[in-house]
Amino acid sequence: MSSYTTISPDKLSKLIGTANMPALIDVRTDEDFAADQRLIPGAVRRNHEEAADWGEEFSGRSAIVVCLRGQKLAQGTAAWLRHLHVSAEALEGGFEGWKAAKLPLVPAAKLPARDAQGRTVWVTRARPKIDRIACPWLIRRFVDPNAVFLFVTPPEVLGVSERFNAAPFDVENVFWSHRGELCTFDVMIEEFGLATPPLLRLATMVRGADTGRLDLSPEAPGLLAASLGLSRMFDDDLEQLEAGMTLYDAFYRWCRDATGETHNWPTNKAKP
């Protein structure tokens, strides 16, 4: 049973992908990590021995700490973080408990190299519409909450990628791009091991809106309309991305929690 200092895998799984997700900190030893180089979605790696040094960056926030089995490393690190004014919990059962529950895990090898601040850096074409907003949303909610996105003119994407050590996406002839009938969002879900029913449903919507196949999903025309509307509202691509994060948060929560709900306007009953 969860205490105020622990959280169950089931409860954590409902937080992942949402805007109010706490920081997720993986403190497995290098040896334990080498045995299974995957991460719970959105987790960052930290050394438990240095918690007193890096813990300040999470001050005033909530955090969940993961070690191999949810015992001494996670509980000790969470206790240190609480000392540093972080509302910290340890994941019950740790990484092994999460894995045993068959919950999603992201292969660390698929993540681009991180910068000096520990962030992944991505680059794509300016003036995003659908895929180039959906993919950053997926990355920030499920892969790297601190990811940086650079929007540049189309001819400069590959050059910026090389000079700034940024992973290019949604351009031709790169790894993170369309494959056959799949759009880049589909590819990221597959490569990052995130093929859950809600994300697959959202992916169908994104694919339909992004590739003009609006018959793939009844919601695709609405996503297309909202996306094109956002692109007209903002001149700044980063401001558009921030607005798009809320849009995709809403679509994701509908895919996960509300597909069975309907809104029926009450009929007027004739007065006798």
# chains A, B, ... in the order shown; residues from 1 in each chain; ligands from 1
$ residues_around --residues "stretch 197-200 of chain A" --least-positions-apart "2" --cutoff "9 Å" --atoms "only C-alpha atoms" --output "ChimeraX atom specification"
/A:186,189,194-195,202-205,252-257
$ closest_atom_pairs --of "stretch 181-269 of chain A" --to "stretch 133-144 of chain A" --cutoff "12 Å" --atoms "only C-alpha atoms" --output "JSON lines"
{"residue": "A:Cys183", "atom": "CA", "partner": "A:Cys135", "partner_atom": "CA", "distance": 9.9}
{"residue": "A:Thr184", "atom": "CA", "partner": "A:Cys135", "partner_atom": "CA", "distance": 7.2}
{"residue": "A:Phe185", "atom": "CA", "partner": "A:Cys135", "partner_atom": "CA", "distance": 5.4}
{"residue": "A:Asp186", "atom": "CA", "partner": "A:Cys135", "partner_atom": "CA", "distance": 9.1}
{"residue": "A:Val187", "atom": "CA", "partner": "A:Cys135", "partner_atom": "CA", "distance": 9.7}
{"residue": "A:Met188", "atom": "CA", "partner": "A:Cys135", "partner_atom": "CA", "distance": 7.5}
{"residue": "A:Ile189", "atom": "CA", "partner": "A:Leu138", "partner_atom": "CA", "distance": 8.2}
{"residue": "A:Glu190", "atom": "CA", "partner": "A:Leu138", "partner_atom": "CA", "distance": 11.8}
{"residue": "A:Glu191", "atom": "CA", "partner": "A:Val143", "partner_atom": "CA", "distance": 11.3}
{"residue": "A:Phe192", "atom": "CA", "partner": "A:Val143", "partner_atom": "CA", "distance": 7.9}
{"residue": "A:Gly193", "atom": "CA", "partner": "A:Phe142", "partner_atom": "CA", "distance": 10.2}
{"residue": "A:Leu194", "atom": "CA", "partner": "A:Phe142", "partner_atom": "CA", "distance": 8.2}
{"residue": "A:Ala195", "atom": "CA", "partner": "A:Phe142", "partner_atom": "CA", "distance": 11.6}
{"residue": "A:Thr196", "atom": "CA", "partner": "A:Phe142", "partner_atom": "CA", "distance": 11.8}
{"residue": "A:Leu199", "atom": "CA", "partner": "A:Leu138", "partner_atom": "CA", "distance": 9.2}
{"residue": "A:Leu200", "atom": "CA", "partner": "A:Leu138", "partner_atom": "CA", "distance": 11.9}
{"residue": "A:Leu202", "atom": "CA", "partner": "A:Ala134", "partner_atom": "CA", "distance": 9.6}
{"residue": "A:Ala203", "atom": "CA", "partner": "A:Ala134", "partner_atom": "CA", "distance": 9.1}
{"residue": "A:Thr204", "atom": "CA", "partner": "A:Ala134", "partner_atom": "CA", "distance": 11.9}
{"residue": "A:Met205", "atom": "CA", "partner": "A:Ala134", "partner_atom": "CA", "distance": 10.6}
{"residue": "A:Val206", "atom": "CA", "partner": "A:Ala134", "partner_atom": "CA", "distance": 7.5}
{"residue": "A:Arg207", "atom": "CA", "partner": "A:Ala134", "partner_atom": "CA", "distance": 10.2}
{"residue": "A:Ala209", "atom": "CA", "partner": "A:Ala134", "partner_atom": "CA", "distance": 11.0}
{"residue": "A:Asp210", "atom": "CA", "partner": "A:Ala134", "partner_atom": "CA", "distance": 9.9}
{"residue": "A:Leu223", "atom": "CA", "partner": "A:Ala134", "partner_atom": "CA", "distance": 10.6}
{"residue": "A:Leu224", "atom": "CA", "partner": "A:Ala134", "partner_atom": "CA", "distance": 11.6}
{"residue": "A:Ala226", "atom": "CA", "partner": "A:Ile133", "partner_atom": "CA", "distance": 11.8}
{"residue": "A:Ser227", "atom": "CA", "partner": "A:Ile133", "partner_atom": "CA", "distance": 8.6}
{"residue": "A:Leu228", "atom": "CA", "partner": "A:Ile133", "partner_atom": "CA", "distance": 11.2}
{"residue": "A:Leu230", "atom": "CA", "partner": "A:Ile133", "partner_atom": "CA", "distance": 10.4}
{"residue": "A:Ser231", "atom": "CA", "partner": "A:Ile133", "partner_atom": "CA", "distance": 10.2}
{"residue": "A:Asp237", "atom": "CA", "partner": "A:Ile133", "partner_atom": "CA", "distance": 9.5}
{"residue": "A:Leu238", "atom": "CA", "partner": "A:Ile133", "partner_atom": "CA", "distance": 9.8}
{"residue": "A:Glu239", "atom": "CA", "partner": "A:Ile133", "partner_atom": "CA", "distance": 11.1}
{"residue": "A:Gln240", "atom": "CA", "partner": "A:Ile133", "partner_atom": "CA", "distance": 8.3}
{"residue": "A:Leu241", "atom": "CA", "partner": "A:Ile133", "partner_atom": "CA", "distance": 6.0}
{"residue": "A:Glu242", "atom": "CA", "partner": "A:Trp137", "partner_atom": "CA", "distance": 9.0}
{"residue": "A:Ala243", "atom": "CA", "partner": "A:Ile133", "partner_atom": "CA", "distance": 9.5}
{"residue": "A:Gly244", "atom": "CA", "partner": "A:Ile133", "partner_atom": "CA", "distance": 6.3}
{"residue": "A:Met245", "atom": "CA", "partner": "A:Trp137", "partner_atom": "CA", "distance": 5.7}
{"residue": "A:Thr246", "atom": "CA", "partner": "A:Trp137", "partner_atom": "CA", "distance": 9.0}
{"residue": "A:Leu247", "atom": "CA", "partner": "A:Ala134", "partner_atom": "CA", "distance": 9.5}
{"residue": "A:Tyr248", "atom": "CA", "partner": "A:Trp137", "partner_atom": "CA", "distance": 7.0}
{"residue": "A:Asp249", "atom": "CA", "partner": "A:Trp137", "partner_atom": "CA", "distance": 8.2}
{"residue": "A:Ala250", "atom": "CA", "partner": "A:Trp137", "partner_atom": "CA", "distance": 11.5}
{"residue": "A:Phe251", "atom": "CA", "partner": "A:Ala134", "partner_atom": "CA", "distance": 10.7}
{"residue": "A:Tyr252", "atom": "CA", "partner": "A:Leu138", "partner_atom": "CA", "distance": 10.0}
$ residues_around --residues "A:Val65" --least-positions-apart "6" --cutoff "10 Å" --atoms "only C-alpha atoms" --output "list in words"
Thr6, Ile7, Pro22, Ala23, Leu24, Ile25, Asp26, Val27, Arg28, Ala43, Val44, Arg45, Arg46, His48, Leu73, Ala74, Gln75, Gly76, Thr77, Ala78, Ala79, Leu81, Ala88, Glu89, Ala90, Leu91, Glu92, Gly94 and Phe95 of chain A
$ write_last_selection --atoms "N, CA and C atoms" --output "JSON list (two decimals), in the first residue's frame"
[["chain", "number", "residue", "atom", "x", "y", "z"],
["A", 6, "THR", "N", 5.68, 7.16, -0.97],
["A", 6, "THR", "CA", 5.80, 6.23, -2.10],
["A", 6, "THR", "C", 4.60, 6.41, -3.03],
["A", 7, "ILE", "N", 4.77, 5.91, -4.25],
["A", 7, "ILE", "CA", 3.70, 5.96, -5.24],
["A", 7, "ILE", "C", 3.69, 4.64, -6.00],
["A", 22, "PRO", "N", 5.06, 15.00, -12.26],
["A", 22, "PRO", "CA", 6.25, 15.38, -11.47],
["A", 22, "PRO", "C", 7.53, 15.03, -12.22],
["A", 23, "ALA", "N", 8.62, 15.60, -11.79],
["A", 23, "ALA", "CA", 9.93, 15.19, -12.32],
["A", 23, "ALA", "C", 10.14, 13.72, -11.97],
["A", 24, "LEU", "N", 10.64, 12.94, -12.93],
["A", 24, "LEU", "CA", 10.86, 11.52, -12.74],
["A", 24, "LEU", "C", 12.37, 11.28, -12.80],
["A", 25, "ILE", "N", 12.95, 10.80, -11.71],
["A", 25, "ILE", "CA", 14.40, 10.74, -11.58],
["A", 25, "ILE", "C", 14.83, 9.28, -11.39],
["A", 26, "ASP", "N", 15.63, 8.78, -12.33],
["A", 26, "ASP", "CA", 16.13, 7.41, -12.30],
["A", 26, "ASP", "C", 17.51, 7.41, -11.64],
["A", 27, "VAL", "N", 17.61, 6.74, -10.48],
["A", 27, "VAL", "CA", 18.89, 6.72, -9.76],
["A", 27, "VAL", "C", 19.48, 5.31, -9.71],
["A", 28, "ARG", "N", 19.10, 4.45, -10.65],
["A", 28, "ARG", "CA", 19.72, 3.14, -10.70],
["A", 28, "ARG", "C", 21.25, 3.28, -10.84],
["A", 43, "ALA", "N", 11.76, 9.96, -17.76],
["A", 43, "ALA", "CA", 12.74, 9.94, -16.68],
["A", 43, "ALA", "C", 14.07, 10.53, -17.10],
["A", 44, "VAL", "N", 14.75, 11.15, -16.13],
["A", 44, "VAL", "CA", 16.12, 11.62, -16.31],
["A", 44, "VAL", "C", 17.02, 10.84, -15.36],
["A", 45, "ARG", "N", 18.25, 10.59, -15.78],
["A", 45, "ARG", "CA", 19.20, 9.83, -14.97],
["A", 45, "ARG", "C", 19.99, 10.77, -14.06],
["A", 46, "ARG", "N", 20.15, 10.36, -12.81],
["A", 46, "ARG", "CA", 20.97, 11.10, -11.85],
["A", 46, "ARG", "C", 21.72, 10.10, -10.96],
["A", 48, "HIS", "N", 22.69, 8.88, -7.41],
["A", 48, "HIS", "CA", 22.12, 9.02, -6.07],
["A", 48, "HIS", "C", 23.14, 9.58, -5.08],
["A", 73, "LEU", "N", 18.05, 3.00, -2.53],
["A", 73, "LEU", "CA", 18.52, 4.13, -3.34],
["A", 73, "LEU", "C", 17.41, 5.14, -3.59],
["A", 74, "ALA", "N", 16.23, 4.64, -3.98],
["A", 74, "ALA", "CA", 15.11, 5.56, -4.24],
["A", 74, "ALA", "C", 14.64, 6.22, -2.96],
["A", 75, "GLN", "N", 14.51, 5.44, -1.88],
["A", 75, "GLN", "CA", 13.99, 6.01, -0.65],
["A", 75, "GLN", "C", 14.97, 6.99, -0.03],
["A", 76, "GLY", "N", 16.25, 6.65, -0.10],
["A", 76, "GLY", "CA", 17.25, 7.58, 0.44],
["A", 76, "GLY", "C", 17.34, 8.86, -0.36],
["A", 77, "THR", "N", 17.30, 8.73, -1.70],
["A", 77, "THR", "CA", 17.34, 9.93, -2.55],
["A", 77, "THR", "C", 16.10, 10.78, -2.34],
["A", 78, "ALA", "N", 14.93, 10.15, -2.26],
["A", 78, "ALA", "CA", 13.70, 10.91, -2.02],
["A", 78, "ALA", "C", 13.77, 11.65, -0.69],
["A", 79, "ALA", "N", 14.34, 11.02, 0.32],
["A", 79, "ALA", "CA", 14.48, 11.68, 1.63],
["A", 79, "ALA", "C", 15.40, 12.90, 1.53],
["A", 81, "LEU", "N", 15.87, 14.68, -1.16],
["A", 81, "LEU", "CA", 15.16, 15.70, -1.90],
["A", 81, "LEU", "C", 14.13, 16.42, -1.03],
["A", 88, "ALA", "N", 8.99, 14.73, -2.70],
["A", 88, "ALA", "CA", 9.53, 13.55, -3.39],
["A", 88, "ALA", "C", 8.95, 12.25, -2.86],
["A", 89, "GLU", "N", 8.68, 11.35, -3.79],
["A", 89, "GLU", "CA", 8.20, 10.01, -3.48],
["A", 89, "GLU", "C", 9.10, 8.99, -4.19],
["A", 90, "ALA", "N", 9.12, 7.78, -3.67],
["A", 90, "ALA", "CA", 9.82, 6.68, -4.32],
["A", 90, "ALA", "C", 8.81, 5.79, -5.02],
["A", 91, "LEU", "N", 9.18, 5.26, -6.17],
["A", 91, "LEU", "CA", 8.29, 4.36, -6.91],
["A", 91, "LEU", "C", 8.31, 2.98, -6.27],
["A", 92, "GLU", "N", 7.14, 2.51, -5.85],
["A", 92, "GLU", "CA", 7.03, 1.17, -5.26],
["A", 92, "GLU", "C", 7.47, 0.11, -6.28],
["A", 94, "GLY", "N", 10.08, -0.10, -7.82],
["A", 94, "GLY", "CA", 11.12, 0.45, -8.68],
["A", 94, "GLY", "C", 10.96, 0.10, -10.15],
["A", 95, "PHE", "N", 12.08, 0.14, -10.85],
["A", 95, "PHE", "CA", 12.09, -0.15, -12.27],
["A", 95, "PHE", "C", 11.59, -1.57, -12.54]]
$ atom_distance --atom1 "atom CA of A:Gln37" --atom2 "atom CA of A:Leu103"
15.1 Å
$ atom_distance --atom1 "atom CA of A:Asp53" --atom2 "atom CA of A:Leu84"
10.0 Å
$ decode --residues "stretch 227-248 of chain A" --atoms "N, CA, C and O atoms" --output "CSV table (one decimal), in the first residue's frame"
chain,number,residue,atom,x,y,z
A,227,SER,N,-5.2,22.9,-35.7
A,227,SER,CA,-3.8,23.1,-36.0
A,227,SER,C,-3.5,24.3,-36.9
A,227,SER,O,-2.6,25.1,-36.7
A,228,LEU,N,-4.3,24.4,-38.0
A,228,LEU,CA,-4.2,25.5,-39.0
A,228,LEU,C,-4.6,26.8,-38.3
A,228,LEU,O,-4.0,27.8,-38.6
A,229,GLY,N,-5.6,26.7,-37.4
A,229,GLY,CA,-6.0,28.0,-36.7
A,229,GLY,C,-4.8,28.5,-35.8
A,229,GLY,O,-4.5,29.7,-35.8
A,230,LEU,N,-4.2,27.6,-35.1
A,230,LEU,CA,-3.0,28.0,-34.3
A,230,LEU,C,-1.9,28.6,-35.1
A,230,LEU,O,-1.3,29.5,-34.7
A,231,SER,N,-1.7,28.0,-36.3
A,231,SER,CA,-0.6,28.5,-37.1
A,231,SER,C,-0.8,29.9,-37.6
A,231,SER,O,0.1,30.7,-37.9
A,232,ARG,N,-2.1,30.3,-37.7
A,232,ARG,CA,-2.5,31.7,-38.1
A,232,ARG,C,-2.5,32.6,-36.9
A,232,ARG,O,-2.4,33.8,-37.0
A,233,MET,N,-2.6,32.1,-35.7
A,233,MET,CA,-2.6,32.9,-34.5
A,233,MET,C,-1.3,33.4,-34.0
A,233,MET,O,-1.2,34.4,-33.4
A,234,PHE,N,-0.2,32.6,-34.3
A,234,PHE,CA,1.1,32.9,-33.8
A,234,PHE,C,2.1,33.1,-34.9
A,234,PHE,O,2.2,32.3,-35.8
A,235,ASP,N,2.9,34.2,-34.8
A,235,ASP,CA,4.0,34.4,-35.7
A,235,ASP,C,5.3,33.7,-35.1
A,235,ASP,O,6.2,33.3,-35.9
A,236,ASP,N,5.3,33.5,-33.8
A,236,ASP,CA,6.5,32.9,-33.2
A,236,ASP,C,6.2,31.4,-33.0
A,236,ASP,O,5.3,31.0,-32.4
A,237,ASP,N,7.1,30.6,-33.6
A,237,ASP,CA,7.0,29.2,-33.6
A,237,ASP,C,7.0,28.6,-32.2
A,237,ASP,O,6.2,27.6,-31.9
A,238,LEU,N,7.8,29.1,-31.3
A,238,LEU,CA,7.8,28.6,-29.9
A,238,LEU,C,6.6,29.0,-29.2
A,238,LEU,O,6.1,28.2,-28.3
A,239,GLU,N,6.0,30.1,-29.4
A,239,GLU,CA,4.7,30.5,-28.8
A,239,GLU,C,3.6,29.5,-29.3
A,239,GLU,O,2.8,29.1,-28.5
A,240,GLN,N,3.7,29.2,-30.6
A,240,GLN,CA,2.7,28.3,-31.2
A,240,GLN,C,2.9,26.9,-30.5
A,240,GLN,O,1.9,26.2,-30.3
A,241,LEU,N,4.1,26.5,-30.3
A,241,LEU,CA,4.4,25.2,-29.7
A,241,LEU,C,3.7,25.2,-28.3
A,241,LEU,O,3.1,24.2,-27.9
A,242,GLU,N,3.9,26.2,-27.5
A,242,GLU,CA,3.4,26.2,-26.2
A,242,GLU,C,1.8,26.1,-26.2
A,242,GLU,O,1.2,25.4,-25.4
A,243,ALA,N,1.2,26.8,-27.1
A,243,ALA,CA,-0.2,26.7,-27.3
A,243,ALA,C,-0.6,25.3,-27.8
A,243,ALA,O,-1.6,24.7,-27.3
A,244,GLY,N,0.2,24.7,-28.7
A,244,GLY,CA,-0.1,23.4,-29.2
A,244,GLY,C,0.1,22.3,-28.1
A,244,GLY,O,-0.6,21.3,-28.2
A,245,MET,N,0.9,22.6,-27.1
A,245,MET,CA,1.0,21.6,-26.0
A,245,MET,C,-0.3,21.4,-25.3
A,245,MET,O,-0.7,20.3,-25.0
A,246,THR,N,-1.0,22.5,-25.1
A,246,THR,CA,-2.3,22.4,-24.4
A,246,THR,C,-3.3,21.7,-25.3
A,246,THR,O,-4.1,20.9,-24.9
A,247,LEU,N,-3.3,22.0,-26.6
A,247,LEU,CA,-4.2,21.3,-27.6
A,247,LEU,C,-4.0,19.8,-27.5
A,247,LEU,O,-4.9,19.0,-27.4
A,248,TYR,N,-2.7,19.4,-27.6
A,248,TYR,CA,-2.4,17.9,-27.6
A,248,TYR,C,-2.7,17.3,-26.2
A,248,TYR,O,-3.0,16.1,-26.1
